[in-house]
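Source file final-v2.pdb; content: PDB, C-alpha atoms.
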```pdb
MODEL        1
ATOM      1  CA  MET A 187      -5.348 -19.062 -27.883
ATOM      2  CA  PRO A 188      -7.479 -16.367 -29.529
ATOM      3  CA  ASP A 189      -5.995 -15.121 -32.828
ATOM      4  CA  THR A 190      -4.165 -11.798 -33.118
ATOM      5  CA  GLY A 191      -6.806 -10.101 -35.257
ATOM      6  CA  TYR A 192      -9.471 -10.821 -32.656
ATOM      7  CA  LEU A 193      -7.228  -9.566 -29.827
ATOM      8  CA  ILE A 194      -6.462  -6.321 -31.672
ATOM      9  CA  GLY A 195     -10.183  -5.854 -32.267
ATOM     10  CA  ALA A 196     -10.942  -6.431 -28.575
ATOM     11  CA  VAL A 197      -8.247  -3.939 -27.500
ATOM     12  CA  VAL A 198      -9.417  -1.285 -29.993
ATOM     13  CA  VAL A 199     -13.129  -1.463 -29.076
ATOM     14  CA  SER A 200     -12.282  -1.559 -25.348
ATOM     15  CA  ALA A 201     -10.046   1.502 -25.603
ATOM     16  CA  ALA A 202     -12.581   3.361 -27.756
ATOM     17  CA  VAL A 203     -15.491   2.705 -25.384
ATOM     18  CA  THR A 204     -13.455   3.536 -22.281
ATOM     19  CA  TRP A 205     -12.009   6.761 -23.669
ATOM     20  CA  GLY A 206     -15.408   7.725 -25.082
ATOM     21  CA  LEU A 207     -17.024   7.354 -21.686
ATOM     22  CA  ARG A 208     -14.268   9.478 -20.106
ATOM     23  CA  ALA A 209     -14.075  12.237 -22.732
ATOM     24  CA  LEU A 210     -17.619  12.652 -24.116
ATOM     25  CA  PRO A 211     -19.240  13.943 -20.912
ATOM     26  CA  PHE A 212     -17.000  17.004 -20.974
ATOM     27  CA  ALA A 213     -18.687  17.916 -24.261
ATOM     28  CA  LEU A 214     -22.177  17.083 -23.019
ATOM     29  CA  LEU A 215     -21.639  18.333 -19.505
ATOM     30  CA  ALA A 216     -24.581  20.683 -19.270
ATOM     31  CA  ARG A 217     -27.169  18.146 -20.356
ATOM     32  CA  LEU A 218     -25.761  15.402 -18.129
ATOM     33  CA  ARG A 219     -25.760  17.545 -15.055
ATOM     34  CA  THR A 220     -29.474  18.299 -15.353
ATOM     35  CA  SER A 221     -30.645  14.719 -15.907
ATOM     36  CA  ALA A 222     -32.064  13.476 -12.611
ATOM     37  CA  VAL A 223     -32.165   9.874 -13.858
ATOM     38  CA  VAL A 224     -28.470   9.957 -14.786
ATOM     39  CA  THR A 225     -27.518  11.503 -11.458
ATOM     40  CA  HIS A 226     -29.489   8.839  -9.631
ATOM     41  CA  LEU A 227     -27.874   6.014 -11.602
ATOM     42  CA  ALA A 228     -24.455   7.581 -10.929
ATOM     43  CA  THR A 229     -24.940   7.108  -7.206
ATOM     44  CA  VAL A 230     -26.308   3.556  -7.223
ATOM     45  CA  MET A 231     -24.431   1.943 -10.134
ATOM     46  CA  PRO A 232     -20.922   1.620  -8.590
ATOM     47  CA  ALA A 233     -22.049  -0.581  -5.679
ATOM     48  CA  GLY A 234     -24.198  -2.795  -7.919
ATOM     49  CA  VAL A 235     -21.573  -3.102 -10.648
ATOM     50  CA  MET A 236     -18.853  -4.139  -8.190
ATOM     51  CA  ILE A 237     -21.090  -6.743  -6.517
ATOM     52  CA  ILE A 238     -22.124  -8.184  -9.881
ATOM     53  CA  LEU A 239     -18.448  -8.359 -10.938
ATOM     54  CA  ALA A 240     -17.530 -10.126  -7.690
ATOM     55  CA  ALA A 241     -20.419 -12.567  -8.209
ATOM     56  CA  TYR A 242     -19.220 -13.125 -11.796
ATOM     57  CA  CYS A 243     -15.768 -14.106 -10.472
ATOM     58  CA  LEU A 244     -17.445 -16.570  -8.084
ATOM     59  CA  ARG A 245     -19.797 -18.065 -10.685
ATOM     60  CA  ASP A 246     -18.172 -21.513 -10.574
ATOM     61  CA  LEU A 247     -18.568 -21.731  -6.790
ATOM     62  CA  PRO A 248     -21.730 -23.932  -6.805
ATOM     63  CA  ARG A 249     -19.779 -26.604  -8.715
ATOM     64  CA  ALA A 250     -16.596 -26.372  -6.601
ATOM     65  CA  ASP A 251     -15.405 -29.201  -4.352
ATOM     66  CA  ARG A 252     -15.232 -28.803  -0.565
ATOM     67  CA  THR A 253     -11.647 -27.445  -0.648
ATOM     68  CA  GLY A 254     -12.478 -24.846  -3.294
ATOM     69  CA  LEU A 255     -15.618 -23.829  -1.455
ATOM     70  CA  LEU A 256     -13.820 -23.401   1.872
ATOM     71  CA  ALA A 257     -10.846 -21.532   0.347
ATOM     72  CA  THR A 258     -13.118 -19.174  -1.583
ATOM     73  CA  LEU A 259     -15.477 -18.398   1.305
ATOM     74  CA  LEU A 260     -12.567 -17.775   3.696
ATOM     75  CA  GLY A 261     -10.710 -15.737   1.072
ATOM     76  CA  VAL A 262     -13.716 -13.459   0.541
ATOM     77  CA  THR A 263     -14.326 -13.163   4.300
ATOM     78  CA  VAL A 264     -10.702 -12.237   5.012
ATOM     79  CA  THR A 265     -10.701  -9.676   2.161
ATOM     80  CA  ALA A 266     -13.929  -7.980   3.270
ATOM     81  CA  GLY A 267     -13.012  -8.208   6.965
ATOM     82  CA  LEU A 268      -9.556  -6.692   6.468
ATOM     83  CA  HIS A 269     -11.052  -3.932   4.369
ATOM     84  CA  LEU A 270     -13.753  -3.028   6.879
ATOM     85  CA  TRP A 271     -11.054  -2.990   9.560
ATOM     86  CA  ARG A 272      -8.107  -1.170   7.938
ATOM     87  CA  ARG A 273      -9.539   0.312   4.702
ATOM     88  CA  SER A 274      -6.293  -0.422   2.839
ATOM     89  CA  ALA A 275      -7.028  -1.914  -0.593
ATOM     90  CA  LEU A 276      -3.533  -3.365  -0.961
ATOM     91  CA  LEU A 277      -3.601  -5.065   2.456
ATOM     92  CA  SER A 278      -7.100  -6.474   1.887
ATOM     93  CA  ILE A 279      -6.283  -7.876  -1.564
ATOM     94  CA  LEU A 280      -2.932  -9.346  -0.464
ATOM     95  CA  GLY A 281      -4.398 -10.844   2.730
ATOM     96  CA  GLY A 282      -7.426 -12.352   1.016
ATOM     97  CA  THR A 283      -5.456 -13.723  -1.927
ATOM     98  CA  THR A 284      -2.743 -15.214   0.321
ATOM     99  CA  THR A 285      -5.431 -16.902   2.413
ATOM    100  CA  TYR A 286      -7.031 -18.338  -0.692
ATOM    101  CA  ILE A 287      -3.772 -19.542  -2.280
ATOM    102  CA  LEU A 288      -2.544 -21.175   0.947
ATOM    103  CA  LEU A 289      -5.823 -23.013   1.532
ATOM    104  CA  ALA A 290      -6.304 -24.049  -2.102
ATOM    105  CA  ASN A 291      -2.751 -25.418  -2.407
ATOM    106  CA  LEU A 292      -2.246 -26.930   1.051
ATOM    107  CA  LEU A 293      -5.604 -28.670   1.369
ATOM    108  CA  LEU A 294      -5.363 -30.433  -1.994
TER     109      LEU A 294
ATOM    110  CA  MET B 180       6.934  17.190 -12.114
ATOM    111  CA  LYS B 181       8.733  16.481  -8.849
ATOM    112  CA  GLU B 182       5.550  17.181  -6.899
ATOM    113  CA  ALA B 183       3.476  15.066  -9.274
ATOM    114  CA  PHE B 184       5.868  12.179  -8.701
ATOM    115  CA  LYS B 185       5.662  12.540  -4.919
ATOM    116  CA  THR B 186       1.867  12.475  -4.842
ATOM    117  CA  SER B 187       1.794   9.559  -7.255
ATOM    118  CA  LEU B 188       3.815   7.304  -4.946
ATOM    119  CA  SER B 189       1.075   6.439  -2.437
ATOM    120  CA  VAL B 190      -1.295   5.300  -5.188
ATOM    121  CA  GLY B 191       1.630   3.655  -6.986
ATOM    122  CA  LEU B 192       2.121   1.355  -3.996
ATOM    123  CA  GLY B 193      -1.271  -0.114  -4.774
ATOM    124  CA  LEU B 194      -1.236   0.187  -8.574
ATOM    125  CA  GLY B 195       2.156  -1.476  -9.119
ATOM    126  CA  PRO B 196       1.410  -4.764  -7.327
ATOM    127  CA  LEU B 197      -2.093  -4.880  -8.806
ATOM    128  CA  GLY B 198      -0.481  -4.444 -12.240
ATOM    129  CA  VAL B 199       1.818  -7.382 -11.459
ATOM    130  CA  ALA B 200      -1.227  -9.506 -10.580
ATOM    131  CA  PHE B 201      -2.804  -8.442 -13.869
ATOM    132  CA  GLY B 202       0.307  -9.394 -15.852
ATOM    133  CA  VAL B 203       0.395 -12.832 -14.233
ATOM    134  CA  LEU B 204      -3.272 -13.304 -15.145
ATOM    135  CA  VAL B 205      -2.569 -12.441 -18.804
ATOM    136  CA  VAL B 206       0.043 -15.187 -19.221
ATOM    137  CA  GLN B 207      -2.019 -17.648 -17.160
ATOM    138  CA  ALA B 208      -4.872 -17.059 -19.636
ATOM    139  CA  GLY B 209      -2.508 -18.319 -22.343
ATOM    140  CA  LEU B 210      -1.627 -14.983 -23.997
ATOM    141  CA  PRO B 211       1.969 -13.959 -24.876
ATOM    142  CA  TRP B 212       3.492 -11.620 -22.254
ATOM    143  CA  TRP B 213       3.512  -8.471 -24.408
ATOM    144  CA  TRP B 214      -0.278  -8.429 -24.540
ATOM    145  CA  ALA B 215      -0.058  -7.330 -20.903
ATOM    146  CA  THR B 216       1.874  -4.255 -22.080
ATOM    147  CA  VAL B 217      -0.648  -3.570 -24.860
ATOM    148  CA  PHE B 218      -3.653  -3.960 -22.535
ATOM    149  CA  THR B 219      -2.229  -1.776 -19.745
ATOM    150  CA  ALA B 220      -0.964   0.937 -22.131
ATOM    151  CA  VAL B 221      -3.843   1.147 -24.610
ATOM    152  CA  VAL B 222      -6.995   0.094 -22.757
ATOM    153  CA  TYR B 223      -5.892   1.456 -19.365
ATOM    154  CA  ALA B 224      -9.059   0.726 -17.409
ATOM    155  CA  GLY B 225      -7.958  -1.152 -14.257
ATOM    156  CA  SER B 226     -10.779  -3.409 -13.180
ATOM    157  CA  PHE B 227     -12.204  -3.738 -16.694
ATOM    158  CA  GLU B 228      -8.884  -5.107 -17.958
ATOM    159  CA  PHE B 229      -9.163  -8.024 -15.534
ATOM    160  CA  VAL B 230     -12.602  -8.792 -16.930
ATOM    161  CA  LEU B 231     -11.318  -8.312 -20.487
ATOM    162  CA  VAL B 232      -8.682 -11.033 -20.043
ATOM    163  CA  GLY B 233     -11.426 -13.499 -19.096
ATOM    164  CA  LEU B 234     -13.547 -12.400 -22.050
ATOM    165  CA  VAL B 235     -10.809 -12.695 -24.689
ATOM    166  CA  ALA B 236      -9.559 -16.000 -23.226
ATOM    167  CA  ALA B 237     -13.091 -17.344 -23.833
ATOM    168  CA  VAL B 238     -13.151 -15.603 -27.274
ATOM    169  CA  ALA B 239     -16.321 -13.745 -26.335
ATOM    170  CA  PRO B 240     -18.014 -11.882 -29.234
ATOM    171  CA  LEU B 241     -16.792  -8.271 -29.685
ATOM    172  CA  ALA B 242     -20.367  -7.110 -29.023
ATOM    173  CA  THR B 243     -20.074  -8.626 -25.543
ATOM    174  CA  VAL B 244     -16.713  -6.874 -25.075
ATOM    175  CA  VAL B 245     -18.282  -3.525 -26.053
ATOM    176  CA  THR B 246     -21.322  -3.996 -23.802
ATOM    177  CA  THR B 247     -19.207  -5.086 -20.836
ATOM    178  CA  ALA B 248     -16.785  -2.168 -21.361
ATOM    179  CA  LEU B 249     -19.771   0.207 -21.431
ATOM    180  CA  LEU B 250     -21.307  -1.189 -18.262
ATOM    181  CA  VAL B 251     -18.128  -1.617 -16.229
ATOM    182  CA  ASN B 252     -16.822   1.830 -17.181
ATOM    183  CA  VAL B 253     -20.096   3.758 -17.230
ATOM    184  CA  ARG B 254     -19.167   5.249 -13.870
ATOM    185  CA  HIS B 255     -16.533   7.351 -15.665
ATOM    186  CA  LEU B 256     -19.351   9.417 -17.241
ATOM    187  CA  PHE B 257     -19.816  11.107 -13.910
ATOM    188  CA  TYR B 258     -16.191  11.987 -13.292
ATOM    189  CA  ALA B 259     -16.521  14.868 -15.758
ATOM    190  CA  LEU B 260     -18.774  16.644 -13.269
ATOM    191  CA  SER B 261     -15.843  17.427 -10.969
ATOM    192  CA  PHE B 262     -12.537  16.570 -12.691
ATOM    193  CA  PRO B 263     -10.510  19.838 -13.090
ATOM    194  CA  LEU B 264      -9.927  19.506 -16.866
ATOM    195  CA  HIS B 265     -10.258  23.305 -17.287
ATOM    196  CA  ARG B 266      -6.870  23.686 -15.575
ATOM    197  CA  VAL B 267      -5.159  21.600 -18.265
ATOM    198  CA  ARG B 268      -4.373  24.177 -20.972
ATOM    199  CA  SER B 269      -2.872  22.390 -23.992
ATOM    200  CA  ARG B 270      -4.988  20.350 -26.380
ATOM    201  CA  PRO B 271      -2.782  17.208 -26.299
ATOM    202  CA  GLY B 272      -2.801  17.549 -22.507
ATOM    203  CA  LYS B 273      -6.596  17.604 -22.475
ATOM    204  CA  VAL B 274      -6.812  14.584 -24.794
ATOM    205  CA  TYR B 275      -4.418  12.554 -22.643
ATOM    206  CA  SER B 276      -6.000  13.731 -19.419
ATOM    207  CA  THR B 277      -9.439  12.419 -20.435
ATOM    208  CA  PHE B 278      -7.889   9.170 -21.740
ATOM    209  CA  ALA B 279      -6.095   8.566 -18.417
ATOM    210  CA  LEU B 280      -9.042   9.600 -16.227
ATOM    211  CA  THR B 281      -9.019   6.469 -14.071
ATOM    212  CA  ASP B 282     -10.641   5.989 -10.662
ATOM    213  CA  GLU B 283      -7.303   6.676  -8.979
ATOM    214  CA  ALA B 284      -6.561   9.798 -11.057
ATOM    215  CA  TYR B 285     -10.054  11.113 -10.324
ATOM    216  CA  ALA B 286      -9.748  10.393  -6.614
ATOM    217  CA  MET B 287      -6.356  12.137  -6.366
ATOM    218  CA  THR B 288      -7.150  15.242  -8.430
ATOM    219  CA  THR B 289     -10.481  16.006  -6.772
ATOM    220  CA  SER B 290      -9.174  15.700  -3.196
ATOM    221  CA  ASP B 291      -8.973  18.736  -0.897
ATOM    222  CA  GLN B 292      -5.221  19.235  -1.220
ATOM    223  CA  ALA B 293      -5.446  19.135  -5.030
ATOM    224  CA  GLN B 294      -7.654  22.227  -5.351
ATOM    225  CA  GLN B 295      -4.709  24.481  -6.298
ATOM    226  CA  TRP B 296      -2.805  22.038  -8.525
ATOM    227  CA  PRO B 297      -1.936  23.475 -11.953
ATOM    228  CA  GLY B 298      -2.644  21.478 -15.125
ATOM    229  CA  ARG B 299       0.965  20.303 -15.432
ATOM    230  CA  ARG B 300       0.841  18.655 -12.039
ATOM    231  CA  ILE B 301      -2.454  16.939 -12.854
ATOM    232  CA  VAL B 302      -1.225  15.530 -16.184
ATOM    233  CA  GLY B 303       2.153  14.646 -14.614
ATOM    234  CA  LEU B 304       0.416  12.639 -11.912
ATOM    235  CA  GLN B 305      -1.650  10.820 -14.547
ATOM    236  CA  VAL B 306       1.494   9.939 -16.528
ATOM    237  CA  PHE B 307       3.123   8.413 -13.432
ATOM    238  CA  LEU B 308       0.025   6.382 -12.541
ATOM    239  CA  HIS B 309      -0.178   5.117 -16.129
ATOM    240  CA  LEU B 310       3.517   4.176 -15.969
ATOM    241  CA  TYR B 311       3.141   2.170 -12.724
ATOM    242  CA  TRP B 312       0.304   0.235 -14.304
ATOM    243  CA  VAL B 313       2.154  -0.556 -17.557
ATOM    244  CA  VAL B 314       5.443  -1.445 -15.828
ATOM    245  CA  GLY B 315       3.642  -3.545 -13.190
ATOM    246  CA  GLY B 316       1.606  -5.391 -15.821
ATOM    247  CA  THR B 317       4.632  -6.095 -18.014
ATOM    248  CA  ALA B 318       6.744  -7.261 -15.058
ATOM    249  CA  GLY B 319       3.920  -9.513 -13.857
ATOM    250  CA  ALA B 320       3.550 -11.093 -17.279
ATOM    251  CA  LEU B 321       7.313 -11.746 -17.528
ATOM    252  CA  LEU B 322       7.423 -13.153 -13.976
ATOM    253  CA  GLY B 323       4.188 -15.059 -14.512
ATOM    254  CA  SER B 324       5.755 -17.408 -17.028
ATOM    255  CA  LEU B 325       8.210 -18.411 -14.265
ATOM    256  CA  ILE B 326       5.501 -19.285 -11.719
ATOM    257  CA  PRO B 327       4.773 -23.017 -11.795
ATOM    258  CA  ASP B 328       1.305 -24.042 -12.950
ATOM    259  CA  ARG B 329       0.875 -26.044  -9.753
ATOM    260  CA  VAL B 330       0.337 -22.866  -7.731
ATOM    261  CA  VAL B 331      -3.343 -22.199  -8.197
ATOM    262  CA  GLY B 332      -5.390 -19.234  -7.124
ATOM    263  CA  LEU B 333      -3.498 -16.089  -8.185
ATOM    264  CA  ASP B 334      -6.585 -15.033 -10.106
ATOM    265  CA  PHE B 335      -8.336 -14.711  -6.756
ATOM    266  CA  ALA B 336      -6.720 -11.237  -6.601
ATOM    267  CA  LEU B 337      -9.411 -10.102  -9.042
ATOM    268  CA  THR B 338     -12.233 -11.409  -6.861
ATOM    269  CA  ALA B 339     -10.568  -9.694  -3.891
ATOM    270  CA  LEU B 340     -10.322  -6.422  -5.851
ATOM    271  CA  PHE B 341     -14.054  -6.397  -6.577
ATOM    272  CA  VAL B 342     -14.892  -7.347  -2.985
ATOM    273  CA  VAL B 343     -12.811  -4.345  -1.838
ATOM    274  CA  LEU B 344     -14.448  -1.986  -4.351
ATOM    275  CA  ALA B 345     -17.892  -3.307  -3.375
ATOM    276  CA  VAL B 346     -17.205  -2.745   0.345
ATOM    277  CA  GLU B 347     -16.228   0.844  -0.493
ATOM    278  CA  ALA B 348     -19.187   1.522  -2.770
ATOM    279  CA  VAL B 349     -22.009   0.051  -0.668
ATOM    280  CA  HIS B 350     -23.918   2.615   1.377
ATOM    281  CA  ASP B 351     -27.290   0.949   1.976
ATOM    282  CA  VAL B 352     -28.753  -2.555   2.317
ATOM    283  CA  THR B 353     -31.215  -2.934  -0.563
ATOM    284  CA  THR B 354     -28.893  -1.957  -3.454
ATOM    285  CA  PRO B 355     -26.368  -4.793  -2.839
ATOM    286  CA  VAL B 356     -29.195  -7.288  -2.242
ATOM    287  CA  ILE B 357     -30.819  -6.336  -5.558
ATOM    288  CA  ALA B 358     -27.417  -6.588  -7.300
ATOM    289  CA  LEU B 359     -26.872 -10.051  -5.825
ATOM    290  CA  LEU B 360     -30.350 -11.187  -6.917
ATOM    291  CA  ALA B 361     -29.701  -9.843 -10.434
ATOM    292  CA  ALA B 362     -26.389 -11.746 -10.560
ATOM    293  CA  LEU B 363     -27.979 -15.017  -9.331
ATOM    294  CA  THR B 364     -30.936 -14.748 -11.717
ATOM    295  CA  ALA B 365     -28.569 -14.119 -14.640
ATOM    296  CA  LEU B 366     -26.315 -17.010 -13.612
ATOM    297  CA  LEU B 367     -29.241 -19.456 -13.428
ATOM    298  CA  ALA B 368     -31.122 -18.247 -16.507
ATOM    299  CA  PHE B 369     -28.317 -17.204 -18.904
ATOM    300  CA  PRO B 370     -24.983 -18.590 -17.643
ATOM    301  CA  GLN B 371     -23.254 -17.733 -20.946
ATOM    302  CA  GLN B 372     -24.328 -14.075 -20.804
ATOM    303  CA  MET B 373     -24.268 -13.658 -17.045
ATOM    304  CA  LEU B 374     -22.553 -10.241 -16.867
ATOM    305  CA  LEU B 375     -24.666  -8.560 -19.514
ATOM    306  CA  VAL B 376     -27.986  -9.924 -18.217
ATOM    307  CA  ALA B 377     -27.099  -9.086 -14.603
ATOM    308  CA  PHE B 378     -26.192  -5.474 -15.483
ATOM    309  CA  VAL B 379     -29.399  -4.979 -17.472
ATOM    310  CA  LEU B 380     -31.556  -6.519 -14.712
ATOM    311  CA  PHE B 381     -29.853  -4.375 -12.080
ATOM    312  CA  THR B 382     -30.234  -1.143 -14.076
ATOM    313  CA  LEU B 383     -33.930  -1.885 -14.723
ATOM    314  CA  ALA B 384     -34.448  -2.660 -11.023
ATOM    315  CA  MET B 385     -32.801   0.637 -10.035
ATOM    316  CA  LEU B 386     -34.966   2.628 -12.478
ATOM    317  CA  THR B 387     -38.100   0.795 -11.285
ATOM    318  CA  ARG B 388     -37.259   1.412  -7.635
ATOM    319  CA  ARG B 389     -36.796   5.114  -8.339
ATOM    320  CA  THR B 390     -40.117   5.340 -10.230
ATOM    321  CA  VAL B 391     -41.976   3.509  -7.451
ATOM    322  CA  ALA B 392     -40.362   5.677  -4.758
ATOM    323  CA  ARG B 393     -41.453   8.848  -6.559
ATOM    324  CA  ALA B 394     -45.010   7.647  -7.274
TER     325      ALA B 394
ENDMDL
END
```

Representation of the structure as structure tokens:
Amino acid sequence: MPDTGYLIGAVVVSAAVTWGLRALPFALLARLRTSAVVTHLATVMPAGVMIILAAYCLRDLPRADRTGLLATLLGVTVTAGLHLWRRSALLSILGGTTTYILLANLLL
Amino acid sequence: MKEAFKTSLSVGLGLGPLGVAFGVLVVQAGLPWWWATVFTAVVYAGSFEFVLVGLVAAVAPLATVVTTALLVNVRHLFYALSFPLHRVRSRPGKVYSTFALTDEAYAMTTSDQAQQWPGRRIVGLQVFLHLYWVVGGTAGALLGSLIPDRVVGLDFALTALFVVLAVEAVHDVTTPVIALLAALTALLAFPQQMLLVAFVLFTLAMLTRRTVARA
């Protein structure tokens, strides 16, 4: 387990960066609003960031066994499919995760 | 306050259970349960907190934590463009309101029916959302120690969360393909620094695409 000092440090820097990103723009609002590059990045970053984060969660997939591979692929498919169909984040996450847990535990 | 509570309930239905999943993840990563309370109360950044648990469990350098926090939360920079902070009068209210400016708070307070909400209702809503997250996370961490280790796969909830957010954020074909290529390249070339390298590659690709399109 990581030691307490390290954990406190991680929490403090995380909170500082997050709050900074939320609060600072109100002070710099005028300049931000006129930057075309920033506005462009604002529109394309969310999609890319979320896909990269999803890929990061699946980074061990190439080394997974057949059960893990099947459970993961079906879990992702069910999640995305449910979301495209009903657009309810809770339903999609619950459905996808249940699918994954059932397959991963029952097929072992 | 009553109205703030009412509007908070629909989002709370999603935030509470997600908080529980987060709490479970914290104890599964080997941390004592109360770190779930600290994370949810002090960091309060939804999706980033899930990533943070993975980072601290692997004792990633603080520089990596800072960079990842910057990149995952950089979207918040743009919330200032439309969040109605001018309606929040008091200084402590303003400080808290910017601290608790999450995706959900932003989505709720910039919706059509929120155009006439006074500052009190906005801050009240944010307090309730924050509360759902902290209570959910703490409950999940306490329950998590009761879940047998044999049940694998609860952490898939995080993957599912990002898949959901990606489905909502994607509006064209090339952006997700470029993001996927950036992620794969980073995974193959720098597996230890995958997130950081992927974010940098993706940002550079987006800037290059824009420059080429304008040339």

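Nearest to Val251 (chain B) of all the residues B:Gly332, B:Gly323, B:Gly225, B:Gly303 is B:Gly225, based on all atoms listed in the file.
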
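One finds CA of Gly198 (chain B) at 27.5 Å from CA of Pro355 (chain B).
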
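Considering the residues A:Leu256, A:Thr285, A:Ser221, A:Phe212 and counting only C-alpha atoms, chain B has its shortest atom-to-atom contact with A:Phe212.
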
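Counting all atoms listed in the file, the residue from A:Ala222, A:Val203, A:Leu292, A:Leu260 that sits nearest to chain B is A:Val203.
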
Quick one: apply the PyMOL selection byres ((chain B) within 7 of (chain A)) to the file and drop the selected residues here as a short mmCIF file (atom, residue, chain, number, x, y, z; two decimals) with C-alpha atoms, keeping the file's coordinate frame.
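Writing the result to expr-v2.cif gives the following:
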```cif
data_model
loop_
_atom_site.label_atom_id
_atom_site.label_comp_id
_atom_site.auth_asym_id
_atom_site.auth_seq_id
_atom_site.Cartn_x
_atom_site.Cartn_y
_atom_site.Cartn_z
CA GLY B 193 -1.27 -0.11 -4.77
CA GLY B 209 -2.51 -18.32 -22.34
CA LEU B 210 -1.63 -14.98 -24.00
CA PHE B 218 -3.65 -3.96 -22.54
CA VAL B 221 -3.84 1.15 -24.61
CA VAL B 222 -7.00 0.09 -22.76
CA VAL B 235 -10.81 -12.70 -24.69
CA ALA B 236 -9.56 -16.00 -23.23
CA VAL B 238 -13.15 -15.60 -27.27
CA LEU B 241 -16.79 -8.27 -29.68
CA VAL B 244 -16.71 -6.87 -25.08
CA VAL B 245 -18.28 -3.52 -26.05
CA ALA B 248 -16.78 -2.17 -21.36
CA LEU B 249 -19.77 0.21 -21.43
CA VAL B 251 -18.13 -1.62 -16.23
CA ASN B 252 -16.82 1.83 -17.18
CA VAL B 253 -20.10 3.76 -17.23
CA ARG B 254 -19.17 5.25 -13.87
CA HIS B 255 -16.53 7.35 -15.66
CA LEU B 256 -19.35 9.42 -17.24
CA PHE B 257 -19.82 11.11 -13.91
CA ALA B 259 -16.52 14.87 -15.76
CA THR B 277 -9.44 12.42 -20.43
CA PHE B 278 -7.89 9.17 -21.74
CA LEU B 280 -9.04 9.60 -16.23
CA VAL B 330 0.34 -22.87 -7.73
CA VAL B 331 -3.34 -22.20 -8.20
CA GLY B 332 -5.39 -19.23 -7.12
CA LEU B 333 -3.50 -16.09 -8.18
CA PHE B 335 -8.34 -14.71 -6.76
CA ALA B 336 -6.72 -11.24 -6.60
CA THR B 338 -12.23 -11.41 -6.86
CA ALA B 339 -10.57 -9.69 -3.89
CA LEU B 340 -10.32 -6.42 -5.85
CA PHE B 341 -14.05 -6.40 -6.58
CA VAL B 342 -14.89 -7.35 -2.98
CA VAL B 343 -12.81 -4.34 -1.84
CA LEU B 344 -14.45 -1.99 -4.35
CA ALA B 345 -17.89 -3.31 -3.38
CA VAL B 346 -17.20 -2.74 0.34
CA ALA B 348 -19.19 1.52 -2.77
CA VAL B 349 -22.01 0.05 -0.67
CA THR B 354 -28.89 -1.96 -3.45
CA PRO B 355 -26.37 -4.79 -2.84
CA ALA B 358 -27.42 -6.59 -7.30
CA LEU B 359 -26.87 -10.05 -5.82
CA ALA B 362 -26.39 -11.75 -10.56
CA LEU B 374 -22.55 -10.24 -16.87
CA ALA B 377 -27.10 -9.09 -14.60
#
```

field: Target residues per the PyMOL selection byres ((chain B and resi 184) around 10), formatted as a PyMOL selection string
entry: chain B and resi 180-183+185-189+191+300+303-308

query: the PyMOL selection byres ((chain B and resi 314) around 9) on the file shown: which residues, as a PyMOL selection string?
result: chain B and resi 195+198-199+216+219+309-313+315-319

statement: Residue with the minimum atom-to-atom distance to Pro196 (chain B), picked from B:Leu260, B:Leu363, B:Ala320, B:Arg393 with only C-alpha atoms counted, is B:Ala320

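One distance worth recording is that between CA of Trp212 (chain B) and CA of Ser324 (chain B), which is 8.1 Å.
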
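Between CA of Val302 (chain B) and CA of Val267 (chain B) the interatomic distance comes to 7.5 Å.
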